[in-house]
>>> print(open('start18.txt').read())   # compact mmCIF, C-alpha atoms
# COMPACT_ATOMS: atom_id res chain seq x y z
CA MET A 13 0.00 0.00 0.00
CA ARG A 14 2.68 2.44 1.05
CA LEU A 15 4.56 1.81 -2.16
CA TYR A 16 1.49 2.79 -4.17
CA VAL A 17 1.07 5.95 -2.10
CA THR A 18 4.72 6.78 -2.85
CA ALA A 19 4.16 6.06 -6.55
CA ALA A 20 1.12 8.37 -6.55
CA ILE A 21 3.13 11.20 -4.94
CA VAL A 22 6.11 10.71 -7.27
CA SER A 23 3.81 10.68 -10.29
CA LEU A 24 2.52 14.11 -9.22
CA LEU A 25 6.07 15.44 -9.66
CA GLY A 26 6.11 14.03 -13.17
CA LEU A 27 2.65 15.46 -13.82
CA ALA A 28 3.73 18.94 -12.68
CA ASP A 29 6.87 18.76 -14.86
CA ALA A 30 4.90 17.62 -17.93
CA LEU A 31 2.21 20.26 -17.39
CA TYR A 32 4.89 22.95 -17.11
CA LEU A 33 6.38 21.79 -20.42
CA THR A 34 2.91 21.72 -21.99
CA VAL A 35 2.25 25.33 -20.95
CA GLU A 36 5.69 26.34 -22.27
CA HIS A 37 4.92 24.55 -25.53
CA VAL A 38 1.47 26.06 -25.98
CA THR A 39 2.59 29.62 -25.16
CA GLY A 40 5.65 29.33 -27.38
CA GLN A 41 8.05 30.14 -24.54
CA SER A 42 9.86 26.83 -24.86
CA VAL A 43 11.23 27.61 -28.27
CA ARG A 44 13.14 30.65 -27.10
CA CYS A 45 16.77 29.93 -26.27
CA THR A 46 17.70 30.41 -22.64
CA ILE A 47 20.90 30.40 -20.66
CA VAL A 48 19.86 27.29 -18.72
CA ALA A 49 20.29 24.51 -21.22
CA GLY A 50 19.35 23.13 -24.60
CA CYS A 51 15.61 23.07 -24.02
CA SER A 52 14.88 25.15 -27.09
CA GLU A 53 16.67 22.65 -29.33
CA VAL A 54 14.85 19.73 -27.75
CA LEU A 55 11.40 21.29 -27.46
CA SER A 56 11.45 22.87 -30.90
CA SER A 57 12.61 19.65 -32.53
CA GLN A 58 10.33 17.49 -34.64
CA TYR A 59 10.25 14.93 -31.81
CA ALA A 60 8.45 17.30 -29.42
CA VAL A 61 5.17 16.80 -31.27
CA VAL A 62 3.44 13.49 -32.05
CA ALA A 63 0.66 13.70 -34.65
CA GLY A 64 0.08 17.34 -33.82
CA VAL A 65 -0.10 16.74 -30.06
CA PRO A 66 2.71 18.12 -27.86
CA LEU A 67 4.68 15.24 -26.40
CA ALA A 68 4.57 17.02 -23.04
CA LEU A 69 0.76 16.75 -23.04
CA ILE A 70 0.96 13.02 -23.78
CA GLY A 71 3.45 12.77 -20.91
CA ALA A 72 1.07 14.65 -18.62
CA ALA A 73 -1.74 12.22 -19.56
CA ALA A 74 0.56 9.27 -18.82
CA TYR A 75 1.53 10.67 -15.41
CA PHE A 76 -2.11 11.32 -14.64
CA GLY A 77 -2.81 7.69 -15.58
CA VAL A 78 -0.07 6.51 -13.20
CA PHE A 79 -1.44 8.76 -10.44
CA SER A 80 -4.97 7.45 -10.90
CA LEU A 81 -3.95 3.78 -10.97
CA ALA A 82 -1.53 4.17 -8.03
CA THR A 83 -4.23 5.92 -5.99
CA LEU A 84 -6.74 3.18 -6.76
CA ALA A 85 -4.13 0.52 -5.97
CA ALA A 86 -3.37 2.23 -2.65
CA PHE A 87 -7.05 1.90 -1.82
CA GLY A 88 -6.95 -1.82 -2.51
CA TYR A 89 -8.00 -2.06 -6.16
CA ARG A 90 -5.74 -4.94 -7.21
CA ILE A 91 -6.43 -4.61 -10.92
CA ALA A 92 -5.11 -1.03 -10.82
CA GLY A 93 -1.79 -2.25 -9.41
CA THR A 94 -1.56 -4.81 -12.21
CA LEU A 95 -2.37 -2.24 -14.92
CA LEU A 96 0.33 0.08 -13.54
CA VAL A 97 3.08 -2.34 -14.56
CA PRO A 98 2.68 -2.19 -18.37
CA LEU A 99 2.02 1.57 -18.21
CA VAL A 100 5.21 2.46 -16.31
CA LEU A 101 7.25 0.00 -18.36
CA LEU A 102 6.00 1.66 -21.55
CA MET A 103 6.82 5.09 -20.09
CA PHE A 104 10.26 3.87 -19.10
CA LEU A 105 10.97 2.64 -22.64
CA VAL A 106 9.74 5.92 -24.12
CA SER A 107 11.99 7.81 -21.67
CA LEU A 108 14.99 5.75 -22.79
CA TRP A 109 14.16 6.53 -26.42
CA LEU A 110 13.85 10.26 -25.64
CA ILE A 111 17.21 10.30 -23.83
CA TYR A 112 18.74 8.55 -26.84
CA LEU A 113 17.24 11.23 -29.13
CA GLN A 114 18.59 14.04 -26.94
CA ALA A 115 22.07 12.52 -26.74
CA PHE A 116 22.62 11.27 -30.26
CA VAL A 117 20.15 12.97 -32.59
CA ILE A 118 19.34 16.43 -31.23
CA HIS A 119 22.70 16.79 -29.41
CA ALA A 120 21.13 18.83 -26.62
CA PHE A 121 19.66 18.00 -23.25
CA CYS A 122 16.63 19.62 -21.69
CA GLN A 123 16.69 19.43 -17.91
CA PHE A 124 12.90 19.19 -17.66
CA CYS A 125 12.92 16.15 -19.96
CA LEU A 126 15.73 14.59 -17.92
CA PHE A 127 13.75 15.22 -14.73
CA SER A 128 10.79 13.43 -16.31
CA ALA A 129 13.03 10.48 -17.19
CA ALA A 130 14.26 10.36 -13.59
CA VAL A 131 10.69 10.38 -12.28
CA THR A 132 9.69 7.59 -14.67
CA THR A 133 12.70 5.54 -13.61
CA ALA A 134 11.75 5.98 -9.95
CA LEU A 135 8.16 5.00 -10.73
CA THR A 136 9.31 1.89 -12.58
CA VAL A 137 11.41 0.80 -9.60
CA ILE A 138 8.59 1.48 -7.11
CA VAL A 139 5.94 -0.30 -9.18
CA LEU A 140 8.15 -3.34 -9.75
CA ILE A 141 8.98 -3.59 -6.03
CA ALA A 142 5.25 -3.28 -5.26
CA LEU A 143 4.50 -6.05 -7.75
CA LEU A 144 7.15 -8.36 -6.25
CA SER A 145 6.07 -7.72 -2.67
CA ARG A 146 2.44 -8.31 -3.67
CA ARG A 147 3.37 -11.70 -5.18
CA LYS A 148 5.25 -12.58 -2.00
CA THR A 149 2.25 -11.78 0.17
CA THR A 150 -0.04 -13.75 -2.14
CA ARG A 151 2.21 -16.81 -1.88
CA ASN A 152 2.47 -16.52 1.87
CA MET B 12 -16.66 6.25 1.55
CA LYS B 13 -13.56 4.13 1.02
CA ARG B 14 -14.74 3.27 -2.46
CA THR B 15 -15.39 6.84 -3.55
CA LEU B 16 -12.43 8.55 -1.85
CA PRO B 17 -9.81 7.54 -4.51
CA ILE B 18 -12.19 8.72 -7.25
CA ILE B 19 -12.58 12.06 -5.46
CA ILE B 20 -8.77 12.41 -5.08
CA ILE B 21 -8.26 11.62 -8.78
CA LEU B 22 -10.93 14.10 -9.86
CA VAL B 23 -9.45 16.83 -7.64
CA VAL B 24 -5.97 16.31 -9.15
CA LEU B 25 -7.47 16.34 -12.65
CA GLY B 26 -9.34 19.55 -11.87
CA VAL B 27 -6.26 21.27 -10.44
CA ALA B 28 -4.19 20.17 -13.46
CA VAL B 29 -6.71 21.43 -16.02
CA VAL B 30 -7.34 24.73 -14.22
CA SER B 31 -3.63 25.46 -13.76
CA VAL B 32 -2.85 24.75 -17.43
CA LEU B 33 -5.71 27.01 -18.56
CA TYR B 34 -4.67 29.72 -16.09
CA TYR B 35 -1.02 29.75 -17.12
CA THR B 36 -1.65 29.52 -20.87
CA ARG B 37 -3.94 32.55 -20.67
CA SER B 38 -1.90 34.67 -18.29
CA THR B 39 1.48 34.41 -19.98
CA PRO B 40 3.09 37.85 -19.73
CA GLY B 41 2.62 39.79 -22.92
CA SER B 42 0.21 37.32 -24.51
CA ASN B 43 -2.38 40.10 -24.47
CA TYR B 44 0.00 42.56 -26.10
CA THR B 45 -1.73 45.34 -27.92
CA PRO B 46 0.32 47.31 -30.36
CA THR B 47 1.00 50.91 -29.37
CA ASN B 48 -1.69 53.18 -30.62
CA SER B 49 -2.09 56.87 -30.05
CA ALA B 50 -5.75 56.73 -29.01
CA THR B 51 -5.20 54.29 -26.17
CA ALA B 52 -1.94 55.98 -25.22
CA SER B 53 -3.66 59.32 -24.70
CA THR B 54 -6.80 58.07 -23.00
CA ALA B 55 -5.28 55.31 -20.94
CA PRO B 56 -1.72 56.22 -20.00
CA ALA B 57 -1.53 53.43 -17.44
CA ASN B 58 -2.57 50.71 -19.87
CA THR B 59 -1.47 47.57 -18.05
CA ALA B 60 -1.89 45.39 -21.14
CA GLN B 61 1.34 46.82 -22.54
CA PRO B 62 4.77 45.94 -21.31
CA PRO B 63 6.52 48.92 -19.71
CA VAL B 64 9.06 51.05 -21.56
CA VAL B 65 12.52 50.06 -20.35
CA THR B 66 15.82 51.84 -20.88
CA GLY B 67 18.56 49.79 -19.22
CA VAL B 68 22.28 50.48 -19.28
CA ALA B 69 24.05 51.43 -22.51
CA GLY B 70 25.33 48.64 -24.71
CA ALA B 71 28.30 48.64 -27.09
CA ASP B 72 28.74 52.04 -28.67
CA PRO B 73 28.05 52.64 -31.48
CA PRO B 74 25.50 49.85 -31.90
CA TYR B 75 25.07 48.14 -35.27
CA THR B 76 21.90 49.44 -36.83
CA LEU B 77 19.96 49.31 -40.08
CA GLY B 78 17.67 52.23 -40.91
CA PRO B 79 17.72 55.81 -39.65
CA ALA B 80 17.96 56.75 -35.96
CA ASN B 81 14.85 58.98 -36.27
CA ALA B 82 12.67 56.13 -37.59
CA PRO B 83 9.30 55.99 -35.79
CA ALA B 84 9.76 52.25 -35.11
CA ARG B 85 13.04 51.40 -33.43
CA LEU B 86 13.50 47.68 -32.92
CA GLU B 87 16.31 46.23 -30.84
CA GLU B 88 17.03 42.54 -31.02
CA PHE B 89 19.10 40.58 -28.52
CA GLY B 90 20.29 37.54 -30.40
CA ASP B 91 22.57 34.53 -30.30
CA TYR B 92 23.90 33.24 -33.63
CA GLN B 93 23.72 29.63 -32.49
CA CYS B 94 20.13 29.83 -31.28
CA PRO B 95 17.75 28.15 -33.78
CA PRO B 96 14.78 30.49 -33.15
CA CYS B 97 17.10 33.47 -33.76
CA GLY B 98 18.05 31.86 -37.06
CA LEU B 99 14.35 31.60 -37.93
CA PHE B 100 13.75 35.20 -36.89
CA HIS B 101 16.59 36.51 -39.09
CA PRO B 102 14.76 36.32 -42.45
CA ILE B 103 11.65 37.83 -40.81
CA LEU B 104 13.63 40.90 -39.75
CA GLN B 105 15.22 41.15 -43.20
CA GLN B 106 11.74 41.09 -44.69
CA MET B 107 10.53 43.79 -42.26
CA HIS B 108 13.57 45.92 -43.15
CA LYS B 109 12.63 45.60 -46.83
CA GLU B 110 8.96 46.35 -46.25
CA PHE B 111 9.25 49.28 -43.86
CA GLY B 112 12.47 50.85 -45.14
CA ASP B 113 13.25 54.20 -43.47
CA LYS B 114 10.33 53.86 -41.05
CA LEU B 115 12.10 51.09 -39.18
CA GLN B 116 15.44 51.07 -37.44
CA ILE B 117 16.86 47.68 -36.48
CA THR B 118 19.59 47.33 -33.86
CA PHE B 119 21.31 44.05 -33.15
CA ARG B 120 22.75 43.32 -29.72
CA GLU B 121 24.96 40.37 -28.91
CA PHE B 122 23.51 38.03 -26.31
CA PRO B 123 25.54 34.79 -26.64
CA LEU B 124 24.09 32.08 -24.42
CA ALA B 125 27.29 30.36 -23.33
CA PRO B 126 27.80 27.68 -22.14
CA ALA B 127 24.46 26.35 -23.43
CA HIS B 128 25.68 27.18 -26.94
CA GLN B 129 29.35 26.33 -27.17
CA HIS B 130 30.03 28.39 -30.32
CA ALA B 131 27.84 31.39 -29.45
CA ILE B 132 30.72 33.58 -28.28
CA ALA B 133 32.92 32.59 -31.22
CA ALA B 134 30.11 33.54 -33.60
CA ALA B 135 29.40 36.83 -31.83
CA SER B 136 33.15 37.58 -31.94
CA ALA B 137 33.25 36.84 -35.66
CA ALA B 138 30.42 39.33 -36.32
CA GLU B 139 31.97 41.97 -34.09
CA ALA B 140 35.42 41.49 -35.65
CA ALA B 141 33.85 41.93 -39.09
CA GLY B 142 32.18 45.05 -37.69
CA LEU B 143 35.58 46.55 -36.94
CA GLN B 144 36.19 46.42 -40.70
CA GLY B 145 32.76 47.86 -41.48
CA LYS B 146 31.17 44.55 -42.49
CA PHE B 147 29.16 43.57 -39.43
CA TRP B 148 25.88 42.94 -41.27
CA GLN B 149 27.51 40.84 -43.99
CA MET B 150 29.02 38.52 -41.38
CA HIS B 151 25.80 38.63 -39.34
CA ASP B 152 23.80 37.44 -42.35
CA LEU B 153 26.27 34.66 -43.21
CA LEU B 154 26.34 33.36 -39.63
CA TYR B 155 22.57 33.12 -39.46
CA GLU B 156 22.05 31.81 -42.98
CA HIS B 157 24.62 29.05 -42.45
CA GLN B 158 23.81 28.33 -38.82
CA ASN B 159 23.15 24.66 -39.53
CA ASP B 160 26.50 24.30 -41.30
CA TRP B 161 28.56 25.25 -38.24
CA LYS B 162 26.56 24.87 -35.05
CA ASP B 163 27.35 21.18 -34.60
CA LYS B 164 30.98 21.40 -35.72
CA PHE B 165 33.85 20.87 -33.28
CA ASP B 166 36.02 23.76 -34.49
CA VAL B 167 34.24 26.71 -36.05
CA ARG B 168 37.22 29.05 -36.45
CA PRO B 169 38.19 27.93 -39.97
CA ILE B 170 34.57 28.17 -41.07
CA PHE B 171 34.24 31.73 -39.78
CA GLU B 172 37.60 32.64 -41.35
CA GLY B 173 36.18 31.33 -44.60
CA TYR B 174 33.21 33.69 -44.18
CA ALA B 175 35.65 36.55 -43.44
CA GLN B 176 37.40 35.84 -46.72
CA GLN B 177 34.12 35.51 -48.56
CA ILE B 178 32.95 38.99 -47.54
CA GLY B 179 36.29 40.51 -48.40
CA LEU B 180 37.77 41.16 -44.96
CA ASP B 181 41.46 41.53 -44.27
CA VAL B 182 41.68 38.02 -42.83
CA ASP B 183 44.90 38.62 -40.88
CA ARG B 184 43.36 41.58 -39.14
CA TYR B 185 40.15 39.62 -38.61
CA LYS B 186 42.12 36.83 -36.88
CA ARG B 187 43.73 39.36 -34.54
CA ASP B 188 40.48 41.22 -33.85
CA VAL B 189 38.37 38.15 -33.22
CA ALA B 190 40.42 37.36 -30.11
CA GLY B 191 40.98 41.00 -29.21
CA GLU B 192 39.89 43.17 -26.35
CA ALA B 193 37.67 45.51 -28.43
CA VAL B 194 35.47 42.65 -29.61
CA ALA B 195 35.20 41.07 -26.16
CA GLN B 196 34.32 44.46 -24.69
CA ARG B 197 31.50 45.06 -27.19
CA ILE B 198 29.97 41.64 -26.50
CA PHE B 199 30.29 42.21 -22.75
CA LEU B 200 28.57 45.61 -22.97
CA ASP B 201 25.70 44.31 -25.14
CA LYS B 202 25.17 41.42 -22.75
CA LYS B 203 25.17 43.82 -19.79
CA ARG B 204 22.56 45.93 -21.54
CA GLY B 205 20.41 42.86 -22.17
CA GLU B 206 20.66 41.77 -18.56
CA SER B 207 19.70 45.25 -17.35
CA LEU B 208 16.60 45.04 -19.55
CA GLY B 209 15.68 41.66 -18.08
CA VAL B 210 16.63 39.61 -21.15
CA LYS B 211 16.82 35.93 -20.26
CA GLY B 212 16.61 34.25 -23.61
CA THR B 213 16.95 34.85 -27.32
CA PRO B 214 15.59 36.24 -29.50
CA THR B 215 14.28 39.01 -27.25
CA VAL B 216 12.98 42.01 -29.12
CA PHE B 217 12.15 45.51 -27.93
CA LEU B 218 10.15 47.97 -29.97
CA ASN B 219 10.64 51.58 -28.87
CA GLY B 220 11.71 50.27 -25.48
CA ARG B 221 8.81 47.85 -24.96
CA GLU B 222 9.37 44.13 -25.11
CA VAL B 223 7.56 42.40 -27.97
CA PRO B 224 6.34 39.01 -26.72
CA PHE B 225 8.03 36.03 -28.29
CA GLU B 226 4.79 34.72 -29.75
CA SER B 227 4.35 38.01 -31.67
CA LEU B 228 7.58 37.55 -33.62
CA PRO B 229 6.24 35.62 -36.65
CA ALA B 230 6.05 38.00 -39.65
CA GLU B 231 2.24 38.06 -39.80
CA LYS B 232 2.06 39.18 -36.16
CA LEU B 233 5.08 41.49 -36.12
CA ARG B 234 4.00 43.36 -39.27
CA PRO B 235 0.79 44.91 -37.82
CA ILE B 236 2.61 45.77 -34.58
CA LEU B 237 5.28 47.66 -36.54
CA GLN B 238 2.64 49.26 -38.78
CA ASN B 239 0.64 50.50 -35.79
CA THR B 240 3.74 51.89 -34.15
CA ILE B 241 4.66 53.72 -37.36
CA ASN B 242 1.09 54.99 -37.83
CA SER B 243 1.09 56.41 -34.33
CA GLY B 244 4.37 58.21 -34.92
CA GLY B 245 6.35 55.85 -32.74
CA ARG B 246 4.43 56.27 -29.51
>>> encode(input="start18.txt", output="structure tokens")
Amino acid sequence: MRLYVTAAIVSLLGLADALYLTVEHVTGQSVRCTIVAGCSEVLSSQYAVVAGVPLALIGAAAYFGVFSLATLAAFGYRIAGTLLVPLVLLMFLVSLWLIYLQAFVIHAFCQFCLFSAAVTTALTVIVLIALLSRRKTTRN
Amino acid sequence: MKRTLPIIIILVVLGVAVVSVLYYTRSTPGSNYTPTNSATASTAPANTAQPPVVTGVAGADPPYTLGPANAPARLEEFGDYQCPPCGLFHPILQQMHKEFGDKLQITFREFPLAPAHQHAIAAASAAEAAGLQGKFWQMHDLLYEHQNDWKDKFDVRPIFEGYAQQIGLDVDRYKRDVAGEAVAQRIFLDKKRGESLGVKGTPTVFLNGREVPFESLPAEKLRPILQNTINSGGR
């Protein structure tokens, strides 16, 4: 249970990050170059939009999905805990792909995207531990 | 209660997320920019919809400008040659210069975003060194037009020296100037000016001392803003 509560809280960090990037994308601020890092290169690249939808918005939807499922799982909905696993694994794989794009294709890193990858990695670890501990308890 | 509580929590988070996105997308500073216009200026001097007029500290003197100093629309751009959006803005400004002629003065200020852009200072130095031989704008144009040819290269010096040759500079003098004190000083002063005006990113554009929001920089949005400023005599 506690693990799912943690996952829900961590996913809120990812949700806030993705919503921030969505606002930046929609208002056009993200494409200005800033002193901080290569966000403009990353967020103005062709990879920042999927079929006309900002990738940040898709990310926000995914984090909201994780939050919803983790909250339900924390309240004892077993199916929600099971559904969390493929969702976070998919998000983890997408994060790996996005880091690859930043490192080898765009040649610029955006700290907000890296933060999102870190959050997804943490979520993956938490959800997998929760899954393992749940199996243990079921066996016992 | 236990069954509905998670649903309530989820709906609250969804509500907060949606409301905050809507709030921030609508209240972005400058998104409600209204071009200067004499009627509103005289009847509503404290029009809060417009960004304030800012002066800041002086930049490099003399600045590089296109168009007359008494033009009703005086636009000042803070740019970084390695910044992709600045590269996209370059042809828009050239077009505006063509369209508005003597009614528009364009000033370019160096605002290299190092270390985010590893060649930004080298590029700014190249333009400023060309400026010492009276060919700032020629180098400026080449740097922007060929941004994609050099921005990912390891060593840009030979490329910029090639540009120096192409525009007919004394290349030996250029090589000395590009690493010289005068060039570094000009870049430093322009950057100081930008910082005093609150510039944090590039391109940042001021029109008669008021910041033009980034989303108003596409040609179809910038054109009416410039036209209104010119129509109102620059107020």
>>> residues_around(input="start18.txt", residues="B:Gln116", least_positions_apart="5", cutoff="7 Å", atoms="only C-alpha atoms", output="PyMOL selection string")
chain B and resi 76-80+82+84-86
>>> closest_residue(input="start18.txt", among="B:His151, B:Lys164, B:Lys146, B:His108", to="chain A", atoms="only C-alpha atoms")
B:Lys164
>>> residues_around(input="start18.txt", residues="A:Gly88", least_positions_apart="3", cutoff="12 Å", atoms="all atoms listed in the file", output="list of chain:residue names")
A:Met13, A:Arg14, A:Tyr16, A:Val17, A:Leu81, A:Ala82, A:Thr83, A:Leu84, A:Ala85, A:Ile91, A:Ala92, A:Gly93, A:Thr94, A:Arg146, B:Lys13, B:Arg14, B:Leu16, B:Pro17
>>> closest_residue(input="start18.txt", among="A:Ala129, A:Val62, A:Ile21, A:Ala142", to="chain B", atoms="all atoms listed in the file")
A:Ile21
>>> axis_aligned_box(input="start18.txt", around="stretch 106-113 of chain B", padding_each_side="6 Å", output="JSON")
{"center_x": 11.3, "center_y": 47.6, "center_z": -44.5, "size_x": 16.6, "size_y": 25.1, "size_z": 16.6}
>>> atom_distance(input="start18.txt", atom1="atom CA of A:Leu110", atom2="atom CA of A:Cys122")
10.5 Å
>>> atom_distance(input="start18.txt", atom1="atom CA of B:Asp113", atom2="atom CA of B:Leu233")
16.8 Å
